[in-house]
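S.K.: Following this message is one structure expressed as structure tokens.
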Amino acid sequence: MLFRSETNKETIQFAKECNPTTIQVSLAAAYPGTFLYNQAKQNGWLMHEDHGRLVADEGIQVSSISYPHLSSEEIFESLADFYKKFYFRPGKIWELTSEMLQDWELMKRRLREGVEFFQFLSGREDEGAKVA
């Protein structure tokens, strides 16, 4: 799998141990004027000097940073991999399903979120093909 960085492996393991009901994960965004932007620019990690490539046309967040040990493509792909490893566990699927079976309103909301989640994964796969 992609999680080549030990930090990524540790982060997903930590998320699994904490086991929140849902999770939101984002890529680090090197916005001009921030410490991360200045650090990335100084170290040659910044992928797009035009500052405009933090979000793709489809609204999908892309990685604007590439480290010597971890490429922007690996970072981009690791986000979807993170979600899959967190949500596609039998225990998590059972937990969410059990919760939905007890509350019709929650079921409707979770099903809507599920559709959005799969659209998100599909959109990332399309964008990943462009990034690679």
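Chains: A, B, ... in order of the structure tokens. Residues: from 1 per chain. Ligands: from 1, in order shown.
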When you look at Ile65 in chain A with a cut-off of 7 Å (counting only C-alpha atoms), what residues show up, excluding the ones that are within fewer than 2 positions of it in the same chain? I need them as a ChimeraX atom specification.
M.R.: /A:40,45-47,63,67,72
S.K.: Restrict the selected residues to C-alpha atoms and save them as a PDB file, in the first residue's frame.
M.R.:
ATOM      1  CA  ALA A  40       8.516  24.648   1.282  1.00  0.00           C
ATOM      2  CA  TRP A  45       9.409  21.317  -1.840  1.00  0.00           C
ATOM      3  CA  LEU A  46       6.871  23.617  -3.509  1.00  0.00           C
ATOM      4  CA  MET A  47       5.433  22.027  -6.633  1.00  0.00           C
ATOM      5  CA  SER A  63      -0.750  18.292  -2.836  1.00  0.00           C
ATOM      6  CA  TYR A  67       9.403  16.035  -0.204  1.00  0.00           C
ATOM      7  CA  SER A  72       3.292  14.889  -4.157  1.00  0.00           C
TER       8      SER A  72
END
S.K.: Neighbouring residues of Asn19 in chain A were defined as those with any atom within 12 Å, considering only C-alpha atoms; residues of the same chain fewer than 6 positions away were excluded. Please report them as a PDB file with C-alpha atoms, in the first residue's frame.
M.R.:
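Listed below is the output, part_15.pdb:
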ATOM      1  CA  THR A  11      -1.375   8.606  11.934  1.00  0.00           C
ATOM      2  CA  ILE A  12      -3.808   6.028  10.523  1.00  0.00           C
ATOM      3  CA  GLN A  13      -3.059   3.720  13.450  1.00  0.00           C
ATOM      4  CA  LYS A  85      -8.116   2.094   5.739  1.00  0.00           C
ATOM      5  CA  PHE A  86     -10.175   3.941   8.336  1.00  0.00           C
ATOM      6  CA  TYR A  87     -13.700   3.312   7.025  1.00  0.00           C
ATOM      7  CA  ARG A  89     -12.794  -2.050   8.444  1.00  0.00           C
ATOM      8  CA  GLY A  91     -15.772  -3.090  12.914  1.00  0.00           C
ATOM      9  CA  LYS A  92     -16.248   0.441  11.578  1.00  0.00           C
ATOM     10  CA  ILE A  93     -18.736  -0.712   8.947  1.00  0.00           C
ATOM     11  CA  GLU A  95     -20.571   0.393  13.975  1.00  0.00           C
ATOM     12  CA  LEU A  96     -21.954   2.784  11.350  1.00  0.00           C
TER      13      LEU A  96
END
S.K.: Would you please extract all strand (DSSP E or B) residues from range 8-112 of chain A, as assigned by DSSP on the backbone, and give them as a PyMOL selection string?
M.R.: chain A and resi 46+55+61+65+67+70
S.K.: Pick from A:Lys84, A:Gln39, A:Met100, A:Gln24: nearest to Arg112 in chain A, with only C-alpha atoms counted?
M.R.: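 Selected residue with least distance to Arg112 in chain A: A:Met100.
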S.K.: Between CA of Asp81 in chain A and CA of Asn8 in chain A, what is the distance, to one decimal in Å?
M.R.: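 The value is 10.2 Å.
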S.K.: Can you list, as a PyMOL selection string, every protein, DNA or RNA residue that comes within 9 Å of Ala29 in chain A when you count only C-alpha atoms, leaving out same-chain residues fewer than 6 positions away?
M.R.: chain A and resi 36-37+54+61-65
S.K.: How would the residues just picked look written out with C-alpha atoms as a JSON list (two decimals), in the first residue's frame?
M.R.:
[["chain", "number", "residue", "atom", "x", "y", "z"],
["A", 36, "LEU", "CA", 4.74, 26.11, 5.59],
["A", 37, "TYR", "CA", 4.80, 28.00, 2.30],
["A", 54, "LEU", "CA", -3.98, 23.83, -4.07],
["A", 61, "GLN", "CA", -7.56, 19.23, -2.92],
["A", 62, "VAL", "CA", -4.17, 18.44, -4.45],
["A", 63, "SER", "CA", -0.75, 18.29, -2.84],
["A", 64, "SER", "CA", 1.33, 21.36, -3.56],
["A", 65, "ILE", "CA", 4.36, 19.94, -1.75]]
S.K.: I need the helix (DSSP H, G or I) residues of range 16-119 of chain A per DSSP on the backbone, written as a VMD selection string.
M.R.: chain A and resid 16 to 18 35 to 43 72 to 87 90 to 101 104 to 119
S.K.: Which one is closest to Arg110 in chain A: A:Ser98, A:Ala30, A:Phe88, A:Phe82? Count only C-alpha atoms.
M.R.: A:Ser98
S.K.: CA of Phe120 in chain A and CA of Glu73 in chain A, how far apart in Å?
M.R.: 16.9 Å
